[in-house]
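File shown here: run_20.pdb, holding PDB, C-alpha atoms and all ligand atoms.
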ATOM      1  CA  MET A1410       4.921  28.027   1.348
ATOM      2  CA  THR A1411       6.872  24.807   1.587
ATOM      3  CA  THR A1412       4.853  21.652   1.144
ATOM      4  CA  SER A1413       5.600  18.135   2.246
ATOM      5  CA  VAL A1414       3.999  14.740   2.589
ATOM      6  CA  HIS A1415       4.622  12.750   5.776
ATOM      7  CA  GLY A1416       5.316   9.218   4.596
ATOM      8  CA  ILE A1417       3.393   6.402   2.967
ATOM      9  CA  HIS A1418      -0.358   6.426   3.702
ATOM     10  CA  HIS A1419      -1.188   3.217   1.821
ATOM     11  CA  VAL A1420      -0.111   1.225  -1.209
ATOM     12  CA  THR A1421      -2.744  -0.198  -3.553
ATOM     13  CA  CYS A1422      -2.035  -3.232  -5.719
ATOM     14  CA  ILE A1423      -3.801  -5.512  -8.183
ATOM     15  CA  ALA A1424      -4.376  -9.120  -7.162
ATOM     16  CA  GLY A1425      -5.776 -12.205  -8.864
ATOM     17  CA  ASP A1426      -8.391 -14.307  -7.095
ATOM     18  CA  ALA A1427      -9.964 -12.516  -4.112
ATOM     19  CA  GLN A1428     -10.057 -15.545  -1.802
ATOM     20  CA  GLU A1429      -6.394 -16.385  -2.507
ATOM     21  CA  ASN A1430      -5.476 -12.788  -1.728
ATOM     22  CA  LEU A1431      -7.403 -12.905   1.551
ATOM     23  CA  ASN A1432      -5.885 -16.258   2.513
ATOM     24  CA  PHE A1433      -2.380 -14.893   1.992
ATOM     25  CA  TYR A1434      -2.569 -11.494   3.649
ATOM     26  CA  VAL A1435      -4.678 -12.550   6.637
ATOM     27  CA  GLY A1436      -3.771 -16.243   6.901
ATOM     28  CA  VAL A1437      -0.039 -16.044   6.175
ATOM     29  CA  MET A1438       1.030 -12.406   6.636
ATOM     30  CA  GLY A1439      -1.238 -12.056   9.659
ATOM     31  CA  MET A1440      -2.514  -8.612   8.718
ATOM     32  CA  ARG A1441      -6.016  -7.560   9.678
ATOM     33  CA  LEU A1442      -8.649  -7.025   7.017
ATOM     34  CA  VAL A1443      -9.811  -3.659   8.342
ATOM     35  CA  LYS A1444     -12.169  -2.891   5.487
ATOM     36  CA  LYS A1445     -13.956  -5.038   2.948
ATOM     37  CA  SER A1446     -15.404  -2.734   0.353
ATOM     38  CA  VAL A1447     -15.692  -2.365  -3.409
ATOM     39  CA  ASN A1448     -13.668  -0.464  -5.953
ATOM     40  CA  GLN A1449     -15.559   2.820  -5.985
ATOM     41  CA  ASP A1450     -14.892   3.184  -9.714
ATOM     42  CA  ALA A1451     -15.798  -0.457 -10.519
ATOM     43  CA  PRO A1452     -18.172  -1.679  -7.788
ATOM     44  CA  ASP A1453     -18.373  -5.224  -9.188
ATOM     45  CA  THR A1454     -14.895  -5.867  -7.731
ATOM     46  CA  TYR A1455     -13.770  -5.928  -4.132
ATOM     47  CA  HIS A1456     -11.378  -3.535  -2.493
ATOM     48  CA  PHE A1457      -9.576  -5.109   0.469
ATOM     49  CA  PHE A1458      -7.654  -3.055   3.036
ATOM     50  CA  TYR A1459      -5.104  -4.929   5.179
ATOM     51  CA  ALA A1460      -3.466  -3.101   8.068
ATOM     52  CA  ASP A1461      -2.687  -3.235  11.773
ATOM     53  CA  ALA A1462      -5.571  -3.781  14.210
ATOM     54  CA  ALA A1463      -6.715  -0.160  14.026
ATOM     55  CA  GLY A1464      -6.016   0.693  10.384
ATOM     56  CA  THR A1465      -3.385   3.217  11.466
ATOM     57  CA  PRO A1466      -2.331   5.418   8.505
ATOM     58  CA  GLY A1467       0.893   4.023   7.054
ATOM     59  CA  THR A1468       0.101   0.392   7.893
ATOM     60  CA  ASP A1469      -2.285  -0.165   5.032
ATOM     61  CA  LEU A1470      -1.785  -2.383   1.969
ATOM     62  CA  THR A1471      -4.875  -2.527  -0.251
ATOM     63  CA  PHE A1472      -5.885  -4.693  -3.209
ATOM     64  CA  PHE A1473      -8.240  -4.734  -6.118
ATOM     65  CA  PRO A1474      -8.707  -8.439  -6.959
ATOM     66  CA  TRP A1475      -9.035  -8.543 -10.758
ATOM     67  CA  PRO A1476      -8.509 -12.224 -11.660
ATOM     68  CA  GLN A1477      -9.487 -11.658 -15.300
ATOM     69  CA  MET A1478      -6.599  -9.221 -15.783
ATOM     70  CA  ALA A1479      -3.300 -10.276 -17.395
ATOM     71  CA  PRO A1480      -0.185 -10.195 -15.190
ATOM     72  CA  GLY A1481       1.481  -6.796 -14.951
ATOM     73  CA  ARG A1482       4.861  -6.163 -16.555
ATOM     74  CA  LEU A1483       7.713  -4.606 -14.627
ATOM     75  CA  GLY A1484       9.060  -1.477 -16.217
ATOM     76  CA  THR A1485       9.618   2.222 -15.779
ATOM     77  CA  GLY A1486       7.030   4.535 -14.279
ATOM     78  CA  LEU A1487       5.908   1.766 -11.957
ATOM     79  CA  THR A1488       6.402   0.786  -8.340
ATOM     80  CA  VAL A1489       8.294  -2.481  -8.611
ATOM     81  CA  GLU A1490       8.438  -3.550  -4.951
ATOM     82  CA  VAL A1491       6.687  -2.840  -1.674
ATOM     83  CA  ALA A1492       8.745  -3.256   1.495
ATOM     84  CA  LEU A1493       6.949  -4.013   4.766
ATOM     85  CA  ALA A1494       8.425  -3.263   8.178
ATOM     86  CA  VAL A1495       8.895  -6.014  10.765
ATOM     87  CA  PRO A1496      10.587  -5.731  14.166
ATOM     88  CA  ALA A1497      14.347  -6.244  14.417
ATOM     89  CA  GLY A1498      15.184  -9.926  14.829
ATOM     90  CA  SER A1499      11.993 -11.162  13.118
ATOM     91  CA  LEU A1500      13.355 -12.391   9.819
ATOM     92  CA  PRO A1501      14.184 -15.961  10.959
ATOM     93  CA  TYR A1502      10.565 -16.290  12.141
ATOM     94  CA  TRP A1503       9.289 -14.994   8.814
ATOM     95  CA  GLN A1504      11.593 -17.162   6.718
ATOM     96  CA  ALA A1505      10.333 -20.253   8.530
ATOM     97  CA  ARG A1506       6.710 -19.119   8.325
ATOM     98  CA  LEU A1507       6.818 -18.272   4.620
ATOM     99  CA  ASN A1508       8.651 -21.516   3.809
ATOM    100  CA  ALA A1509       6.049 -23.497   5.767
ATOM    101  CA  HIS A1510       3.374 -21.920   3.562
ATOM    102  CA  GLY A1511       5.216 -22.769   0.365
ATOM    103  CA  VAL A1512       6.436 -19.228  -0.347
ATOM    104  CA  VAL A1513       9.820 -19.179  -2.051
ATOM    105  CA  CYS A1514      11.949 -16.411  -0.542
ATOM    106  CA  GLY A1515      15.104 -14.776  -1.867
ATOM    107  CA  GLU A1516      18.283 -14.499   0.156
ATOM    108  CA  VAL A1517      18.342 -12.083   3.079
ATOM    109  CA  GLU A1518      20.259  -9.009   1.939
ATOM    110  CA  LEU A1519      21.396  -5.784   3.566
ATOM    111  CA  ARG A1520      19.813  -2.681   2.086
ATOM    112  CA  PHE A1521      20.922   0.655   3.456
ATOM    113  CA  GLY A1522      22.015  -1.241   6.552
ATOM    114  CA  GLU A1523      18.711  -3.066   7.078
ATOM    115  CA  SER A1524      18.180  -6.831   6.821
ATOM    116  CA  THR A1525      15.729  -7.446   4.001
ATOM    117  CA  LEU A1526      13.914 -10.591   2.867
ATOM    118  CA  PRO A1527      12.500 -10.381  -0.673
ATOM    119  CA  PHE A1528       9.661 -12.671  -1.832
ATOM    120  CA  ARG A1529       6.464 -12.607  -3.885
ATOM    121  CA  ASP A1530       2.823 -12.940  -3.021
ATOM    122  CA  PRO A1531       0.710 -15.672  -4.713
ATOM    123  CA  HIS A1532      -0.065 -13.401  -7.672
ATOM    124  CA  GLY A1533       3.507 -12.274  -8.277
ATOM    125  CA  LEU A1534       3.616  -8.998  -6.355
ATOM    126  CA  ALA A1535       7.197  -8.234  -5.303
ATOM    127  CA  LEU A1536       7.361  -7.736  -1.544
ATOM    128  CA  ALA A1537      10.152  -7.508   0.998
ATOM    129  CA  LEU A1538      10.200  -7.690   4.768
ATOM    130  CA  VAL A1539      12.658  -5.264   6.337
ATOM    131  CA  GLU A1540      13.813  -5.389   9.943
ATOM    132  CA  THR A1541      13.607  -2.044  11.670
ATOM    133  CA  SER A1542      13.849  -0.677  15.199
ATOM    134  CA  ASP A1543      12.269   2.647  14.220
ATOM    135  CA  GLU A1544       9.397   3.725  16.437
ATOM    136  CA  ARG A1545       6.134   3.692  14.558
ATOM    137  CA  PRO A1546       2.497   3.987  15.540
ATOM    138  CA  PHE A1547       1.128   0.434  15.558
ATOM    139  CA  VAL A1548      -1.732  -1.429  17.200
ATOM    140  CA  PRO A1549      -1.206  -5.224  17.400
ATOM    141  CA  TRP A1550      -4.018  -7.478  16.193
ATOM    142  CA  LEU A1551      -4.571 -10.100  18.854
ATOM    143  CA  GLN A1552      -6.545 -12.474  16.577
ATOM    144  CA  SER A1553      -3.680 -12.609  14.063
ATOM    145  CA  PRO A1554      -2.035 -15.972  13.342
ATOM    146  CA  VAL A1555       1.272 -14.075  13.751
ATOM    147  CA  PRO A1556       2.267 -13.192  17.334
ATOM    148  CA  PRO A1557       2.390  -9.436  18.064
ATOM    149  CA  GLU A1558       6.189  -9.373  18.426
ATOM    150  CA  HIS A1559       6.586 -10.439  14.780
ATOM    151  CA  GLN A1560       3.594  -8.703  13.164
ATOM    152  CA  VAL A1561       4.044  -6.466  10.146
ATOM    153  CA  ARG A1562       4.394  -2.880  11.415
ATOM    154  CA  GLY A1563       3.279  -1.244   8.204
ATOM    155  CA  MET A1564       4.638   0.012   4.915
ATOM    156  CA  HIS A1565       8.407   0.540   5.097
ATOM    157  CA  ALA A1566       9.413   1.787   1.623
ATOM    158  CA  VAL A1567       8.488   1.624  -2.038
ATOM    159  CA  ARG A1568      10.873   1.066  -4.950
ATOM    160  CA  LEU A1569      10.290   2.587  -8.391
ATOM    161  CA  TRP A1570      12.010   2.238 -11.722
ATOM    162  CA  GLU A1571      12.298   5.432 -13.737
ATOM    163  CA  ARG A1572      13.427   6.130 -17.290
ATOM    164  CA  ARG A1573      14.769   9.536 -16.192
ATOM    165  CA  LEU A1574      15.390   9.673 -12.502
ATOM    166  CA  GLU A1575      16.087  13.437 -12.351
ATOM    167  CA  ILE A1576      12.552  14.585 -13.151
ATOM    168  CA  THR A1577      11.028  12.441 -10.417
ATOM    169  CA  GLU A1578      13.795  13.422  -8.015
ATOM    170  CA  ALA A1579      13.067  17.096  -8.696
ATOM    171  CA  LEU A1580       9.418  16.570  -7.774
ATOM    172  CA  LEU A1581      10.210  14.611  -4.616
ATOM    173  CA  THR A1582      12.812  17.030  -3.305
ATOM    174  CA  GLY A1583      11.341  20.254  -4.708
ATOM    175  CA  ARG A1584       7.635  19.865  -3.933
ATOM    176  CA  MET A1585       6.996  16.836  -1.740
ATOM    177  CA  GLY A1586       9.521  17.453   1.035
ATOM    178  CA  PHE A1587      11.938  14.558   0.436
ATOM    179  CA  THR A1588      15.707  14.657   0.795
ATOM    180  CA  LEU A1589      18.258  12.306  -0.725
ATOM    181  CA  LEU A1590      19.475   9.965   2.026
ATOM    182  CA  GLY A1591      21.977   7.898   0.093
ATOM    183  CA  ALA A1592      22.750   5.671  -2.866
ATOM    184  CA  GLU A1593      23.520   1.965  -2.972
ATOM    185  CA  GLY A1594      23.479  -0.780  -5.583
ATOM    186  CA  GLY A1595      21.980   1.427  -8.267
ATOM    187  CA  TRP A1596      19.205   2.730  -6.015
ATOM    188  CA  GLN A1597      18.815   6.240  -4.658
ATOM    189  CA  ARG A1598      16.952   6.501  -1.379
ATOM    190  CA  TYR A1599      14.875   9.509  -0.383
ATOM    191  CA  GLY A1600      13.168  10.183   2.941
ATOM    192  CA  VAL A1601      10.640  12.666   4.205
ATOM    193  CA  ASP A1602      10.196  14.087   7.733
ATOM    194  CA  GLY A1603      13.705  12.876   8.567
ATOM    195  CA  GLY A1604      13.312   9.490   6.891
ATOM    196  CA  GLY A1605      12.908   6.231   8.769
ATOM    197  CA  SER A1606      10.504   3.351   8.398
ATOM    198  CA  GLY A1607       7.418   4.276   6.394
ATOM    199  CA  LYS A1608       8.903   7.506   5.065
ATOM    200  CA  LEU A1609      11.131   6.114   2.329
ATOM    201  CA  ILE A1610      11.129   5.865  -1.450
ATOM    202  CA  ASP A1611      13.881   4.301  -3.551
ATOM    203  CA  LEU A1612      14.382   5.196  -7.212
ATOM    204  CA  ARG A1613      16.451   3.401  -9.808
ATOM    205  CA  ALA A1614      17.278   4.831 -13.218
ATOM    206  CA  MET A1615      16.454   2.265 -15.914
ATOM    207  CA  PRO A1616      16.878   4.297 -19.108
ATOM    208  CA  GLY A1617      16.720   1.300 -21.449
ATOM    209  CA  GLU A1618      13.587  -0.258 -19.959
ATOM    210  CA  ARG A1619      10.096  -0.252 -21.400
ATOM    211  CA  PRO A1620       7.320   1.409 -19.416
ATOM    212  CA  GLY A1621       5.724  -0.990 -16.961
ATOM    213  CA  THR A1622       2.083  -1.958 -17.235
ATOM    214  CA  TRP A1623      -0.589  -2.617 -14.653
ATOM    215  CA  GLY A1624      -1.872  -6.149 -14.201
ATOM    216  CA  THR A1625      -2.191  -8.792 -11.529
ATOM    217  CA  GLY A1626       0.792  -8.734  -9.218
ATOM    218  CA  SER A1627       1.553  -5.075  -9.856
ATOM    219  CA  VAL A1628       1.304  -1.935  -7.763
ATOM    220  CA  HIS A1629      -1.525   0.372  -8.832
ATOM    221  CA  HIS A1630      -0.551   3.469  -6.856
ATOM    222  CA  VAL A1631       1.255   4.785  -3.813
ATOM    223  CA  ALA A1632      -0.619   7.150  -1.488
ATOM    224  CA  TRP A1633       1.281   9.701   0.593
ATOM    225  CA  ARG A1634       0.123  11.025   3.944
ATOM    226  CA  VAL A1635      -1.152  14.553   4.403
ATOM    227  CA  ARG A1636      -2.660  15.741   7.677
ATOM    228  CA  ASP A1637      -5.846  17.335   6.452
ATOM    229  CA  THR A1638      -7.657  18.973   3.546
ATOM    230  CA  ALA A1639      -5.802  22.271   3.950
ATOM    231  CA  GLU A1640      -2.451  20.540   3.588
ATOM    232  CA  GLU A1641      -3.733  18.387   0.736
ATOM    233  CA  MET A1642      -5.022  21.325  -1.266
ATOM    234  CA  ALA A1643      -1.840  23.344  -0.683
ATOM    235  CA  LEU A1644       0.181  20.436  -2.024
ATOM    236  CA  ALA A1645      -2.190  19.956  -4.966
ATOM    237  CA  GLY A1646      -1.691  23.631  -5.807
ATOM    238  CA  THR A1647       2.054  23.211  -5.685
ATOM    239  CA  LEU A1648       1.838  20.164  -7.984
ATOM    240  CA  ALA A1649      -0.328  22.044 -10.476
ATOM    241  CA  GLY A1650       2.228  24.877 -10.355
ATOM    242  CA  ALA A1651       4.873  22.343 -11.353
ATOM    243  CA  GLY A1652       2.892  21.450 -14.469
ATOM    244  CA  LEU A1653       1.374  18.242 -13.098
ATOM    245  CA  GLN A1654      -2.340  17.527 -13.244
ATOM    246  CA  PRO A1655      -3.715  16.688  -9.812
ATOM    247  CA  THR A1656      -7.380  15.663  -9.719
ATOM    248  CA  SER A1657      -9.828  17.579  -7.612
ATOM    249  CA  GLN A1658     -10.294  16.206  -4.103
ATOM    250  CA  ILE A1659     -12.169  12.883  -4.100
ATOM    251  CA  ASP A1660     -13.991  11.741  -0.957
ATOM    252  CA  ARG A1661     -12.958   8.137  -0.255
ATOM    253  CA  PHE A1662     -15.065   8.293   2.907
ATOM    254  CA  TRP A1663     -12.300   6.942   5.189
ATOM    255  CA  PHE A1664      -9.914   9.575   3.813
ATOM    256  CA  LYS A1665      -9.878  12.282   1.152
ATOM    257  CA  SER A1666      -7.737  11.821  -1.927
ATOM    258  CA  VAL A1667      -6.043  13.707  -4.730
ATOM    259  CA  TYR A1668      -4.406  11.695  -7.524
ATOM    260  CA  PHE A1669      -1.646  12.678  -9.906
ATOM    261  CA  ARG A1670       1.028  11.075 -12.052
ATOM    262  CA  GLU A1671       4.566  11.908 -11.100
ATOM    263  CA  PRO A1672       6.668  13.003 -14.101
ATOM    264  CA  GLY A1673       7.995   9.451 -14.633
ATOM    265  CA  GLY A1674       4.452   8.113 -14.977
ATOM    266  CA  THR A1675       3.793   6.406 -11.632
ATOM    267  CA  LEU A1676       0.347   7.056 -10.175
ATOM    268  CA  PHE A1677       0.570   8.801  -6.811
ATOM    269  CA  GLU A1678      -2.165   9.831  -4.402
ATOM    270  CA  LEU A1679      -2.316  12.254  -1.518
ATOM    271  CA  ALA A1680      -4.532  10.905   1.276
ATOM    272  CA  THR A1681      -5.608  12.585   4.507
ATOM    273  CA  ASP A1682      -4.935  10.835   7.813
ATOM    274  CA  GLY A1683      -8.603  11.017   8.785
ATOM    275  CA  PRO A1684     -11.448  10.362   9.275
ATOM    276  CA  GLY A1685     -10.231   6.726   9.434
ATOM    277  CA  PHE A1686     -11.562   3.197   9.124
ATOM    278  CA  ASP A1687     -13.596   3.195  12.345
ATOM    279  CA  ARG A1688     -15.887   5.869  10.938
ATOM    280  CA  ASP A1689     -18.522   3.347   9.864
ATOM    281  CA  GLU A1690     -17.684   0.169  11.797
ATOM    282  CA  ASP A1691     -17.038  -0.668  15.405
ATOM    283  CA  LYS A1692     -13.285  -1.097  16.097
ATOM    284  CA  GLU A1693     -13.941  -4.652  17.286
ATOM    285  CA  HIS A1694     -15.605  -5.660  14.018
ATOM    286  CA  LEU A1695     -13.590  -3.924  11.312
ATOM    287  CA  GLY A1696     -13.682  -5.740   7.981
ATOM    288  CA  GLU A1697     -16.330  -8.289   8.901
ATOM    289  CA  SER A1698     -19.100  -7.053   6.634
ATOM    290  CA  LEU A1699     -19.156  -5.488   3.197
ATOM    291  CA  ILE A1700     -19.000  -1.733   3.665
ATOM    292  CA  LEU A1701     -20.201   0.560   0.924
ATOM    293  CA  PRO A1702     -19.768   4.305   0.856
ATOM    294  CA  PRO A1703     -23.138   6.023   1.407
ATOM    295  CA  TRP A1704     -23.623   6.877  -2.264
ATOM    296  CA  LEU A1705     -23.405   3.192  -3.273
ATOM    297  CA  GLU A1706     -25.619   1.891  -0.454
ATOM    298  CA  GLN A1707     -28.777   2.069  -2.572
ATOM    299  CA  HIS A1708     -27.198  -0.463  -4.987
ATOM    300  CA  ARG A1709     -26.125  -2.881  -2.241
ATOM    301  CA  ARG A1710     -28.206  -5.852  -3.366
ATOM    302  CA  ALA A1711     -26.927  -5.792  -6.953
ATOM    303  CA  ILE A1712     -23.346  -5.143  -5.807
ATOM    304  CA  GLU A1713     -23.373  -8.054  -3.340
ATOM    305  CA  ALA A1714     -24.868 -10.395  -5.949
ATOM    306  CA  ALA A1715     -22.017  -9.621  -8.377
ATOM    307  CA  LEU A1716     -19.188 -10.267  -5.889
ATOM    308  CA  PRO A1717     -17.676 -13.726  -5.283
ATOM    309  CA  PRO A1718     -18.441 -15.179  -1.821
ATOM    310  CA  LEU A1719     -15.527 -15.205   0.652
ATOM    311  CA  VAL A1720     -14.503 -17.376   3.569
ATOM    312  CA  MET A1721     -12.422 -15.661   6.259
ATOM    313  CA  PRO A1722      -9.253 -17.697   6.900
ATOM    314  CA  ARG A1723      -9.293 -19.358  10.296
ATOM    315  CA  ARG A1724      -6.568 -18.693  12.761
TER     316      ARG A1724
HETATM  317 ZN    ZN B   1      -5.353   4.827  -2.811
END
How does this structure look as structure tokens?
Ligand code: ZN
Amino acid sequence: MTTSVHGIHHVTCIAGDAQENLNFYVGVMGMRLVKKSVNQDAPDTYHFFYADAAGTPGTDLTFFPWPQMAPGRLGTGLTVEVALAVPAGSLPYWQARLNAHGVVCGEVELRFGESTLPFRDPHGLALALVETSDERPFVPWLQSPVPPEHQVRGMHAVRLWERRLEITEALLTGRMGFTLLGAEGGWQRYGVDGGGSGKLIDLRAMPGERPGTWGTGSVHHVAWRVRDTAEEMALAGTLAGAGLQPTSQIDRFWFKSVYFREPGGTLFELATDGPGFDRDEDKEHLGESLILPPWLEQHRRAIEAALPPLVMPRR
């Protein structure tokens, strides 16, 4: 049986101060906080999920704010940049907007034919905005400070450094359904389900580099879309057959997850498209209150007392 993922489900990163993270992703990037929860493995820290208005799979960038952590170090076996999709023609708007908020941007560059604006978030996370005309499922957020025609459409691509590119390439193309789309400037680009925005991963061989380390401003893991449990477990079986060590299925309540390290060391996740973020909150009020998975609800009072208070950025 051939197995395949279907693009990026979400990317999870480590931030510094929670309020600064919220101010940037809602107040500047104009993304919707669709879920305010806690790290299920460390419930004294938040877990923020930023996405389009509906939390459509593939639009979701999530953060653990861990201000006490040291900054991460770029290196191999780590995702070194997250590219976000914006509509074609939007980059001048975004350059002006980011500059007005004191964000220093790099030069606009062409990557695989797409105009790309690299910059960093307030805690050092490497981001890029990429113009694309690819059709993607997207629900505009009408309360966003960014008008719908310029809003972030979702995750576009991730970029990883690898000590030995071939072993990760073999996994991507042999087990996860990717094909090599091209090479440019030292990067190899792979796409799944025909490629296109949200279905891309770029690898760069960096044989002399040290392994990267997690810390503030770094990517924690990349989650790949699978349709349902059947597809997830088939893929997990395939990964185990390749000598990797996928976890058993973990219920993240809004989706079901399997984690594994790709052979180069980067933490990957498989995540089901459903049930989705509106499972426990009305669509109109996503992200407004602290949501705990049912098994943590009995500890709500202690969990809330340990979390820093937050002020939602005003439009
Ligand atoms: Zn995840």
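Atom pair atom CA of Val1628 of chain A / atom CA of Met1478 of chain A: separated by 13.4 Å.
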Please write the residues picked by the PyMOL selection byres (((chain A and resi 1659) around 12) and not hetatm) on this file as an MDAnalysis selection string.
-> chainID A and resid 1449:1450 1638 1641:1642 1655:1658 1660:1668 1678:1681
Closest to Arg1572 of chain A among A:Ser1627, A:Thr1454, A:Ser1446, A:Thr1485, using only C-alpha atoms?
-> A:Thr1485
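Going from atom CA of Arg1584 of chain A over to atom CA of Phe1472 of chain A, you cover 28.0 Å.
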Using all atoms listed in the file, determine which residues fall within 7 Å of ligand ZN 1 (chain B), then list them as a VMD selection string.
-> chain A and resid 1419 to 1421 1630 to 1632 1678
Take the residues that were just selected and, keeping C-alpha atoms, output them as an mmCIF file, in the coordinates of the input.
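The file below, selection.cif, is the result:
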data_model
loop_
_atom_site.group_PDB
_atom_site.id
_atom_site.type_symbol
_atom_site.label_atom_id
_atom_site.label_comp_id
_atom_site.auth_asym_id
_atom_site.auth_seq_id
_atom_site.Cartn_x
_atom_site.Cartn_y
_atom_site.Cartn_z
ATOM 1 C CA HIS A 1419 -1.188 3.217 1.821
ATOM 2 C CA VAL A 1420 -0.111 1.225 -1.209
ATOM 3 C CA THR A 1421 -2.744 -0.198 -3.553
ATOM 4 C CA HIS A 1630 -0.551 3.469 -6.856
ATOM 5 C CA VAL A 1631 1.255 4.785 -3.813
ATOM 6 C CA ALA A 1632 -0.619 7.150 -1.488
ATOM 7 C CA GLU A 1678 -2.165 9.831 -4.402
#
With the file shown as input, list the residues that the PyMOL selection byres (((chain A and resi 1467) around 7) and not hetatm) selects, as a ChimeraX atom specification.
-> /A:1417-1419,1465-1466,1468-1469,1563-1564,1607
Centre, edges in Å (one decimal): axis-aligned box, segment 1486-1498 of chain A, 3 Å padding on all six sides, as lines of an AutoDock Vina configuration file:
center_x = 10.5
center_y = -2.7
center_z = 0.3
size_x = 15.3
size_y = 20.5
size_z = 35.1
With distances taken over only C-alpha atoms, which of A:Phe1521, A:Gln1560, A:Asp1530, A:Ala1639 is nearest to Gly1595 of chain A?
-> A:Phe1521
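In this model, the gap between atom CA of Met1585 of chain A and atom CA of Gly1486 of chain A comes to 17.6 Å.
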Residue members of the PyMOL selection byres (((chain A and resi 1504) around 12) and not hetatm) in the file shown, as a CSV table (one decimal) with C-alpha atoms, keeping the file's coordinate frame:
chain,number,residue,atom,x,y,z
A,1437,VAL,CA,0.0,-16.0,6.2
A,1438,MET,CA,1.0,-12.4,6.6
A,1498,GLY,CA,15.2,-9.9,14.8
A,1499,SER,CA,12.0,-11.2,13.1
A,1500,LEU,CA,13.4,-12.4,9.8
A,1501,PRO,CA,14.2,-16.0,11.0
A,1502,TYR,CA,10.6,-16.3,12.1
A,1503,TRP,CA,9.3,-15.0,8.8
A,1505,ALA,CA,10.3,-20.3,8.5
A,1506,ARG,CA,6.7,-19.1,8.3
A,1507,LEU,CA,6.8,-18.3,4.6
A,1508,ASN,CA,8.7,-21.5,3.8
A,1509,ALA,CA,6.0,-23.5,5.8
A,1510,HIS,CA,3.4,-21.9,3.6
A,1511,GLY,CA,5.2,-22.8,0.4
A,1512,VAL,CA,6.4,-19.2,-0.3
A,1513,VAL,CA,9.8,-19.2,-2.1
A,1514,CYS,CA,11.9,-16.4,-0.5
A,1515,GLY,CA,15.1,-14.8,-1.9
A,1516,GLU,CA,18.3,-14.5,0.2
A,1517,VAL,CA,18.3,-12.1,3.1
A,1525,THR,CA,15.7,-7.4,4.0
A,1526,LEU,CA,13.9,-10.6,2.9
A,1527,PRO,CA,12.5,-10.4,-0.7
A,1528,PHE,CA,9.7,-12.7,-1.8
A,1537,ALA,CA,10.2,-7.5,1.0
A,1538,LEU,CA,10.2,-7.7,4.8
A,1539,VAL,CA,12.7,-5.3,6.3
A,1559,HIS,CA,6.6,-10.4,14.8
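Using all atoms listed in the file, the smallest distance between any of A:His1708, A:Gln1477, A:Val1601, A:Asp1682 and Glu1640 of chain A comes from A:Asp1682.
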Polymer residues at most 12 Å from segment 1550-1552 of chain A, all atoms listed in the file, same-chain spacing of 2 or more positions, as a PyMOL selection string | chain A and resi 1435-1436+1438-1443+1459-1465+1547-1548+1554-1562+1692-1695+1722-1724
Nearby residues (all atoms listed in the file) at most 8 Å from Leu1569 of chain A, same-chain spacing under 2 positions excluded, as a VMD selection string | chain A and resid 1485 to 1490 1567 1571 1610 to 1613
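Take the candidates A:Arg1598, A:Ser1606, A:Glu1518, A:Ala1711 and check each one against Pro1546 of chain A using all atoms listed in the file; the shortest distance goes to A:Ser1606.
Considering the residues A:Gly1533, A:Pro1717, A:Gly1685, A:Gly1586 and counting all atoms listed in the file, Leu1699 of chain A has its shortest atom-to-atom contact with A:Pro1717.
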Looking at A:Asp1426, A:Asp1453, A:Glu1713, A:Glu1575, which one is nearest to Pro1672 of chain A, with distances taken over all atoms listed in the file?
-> A:Glu1575
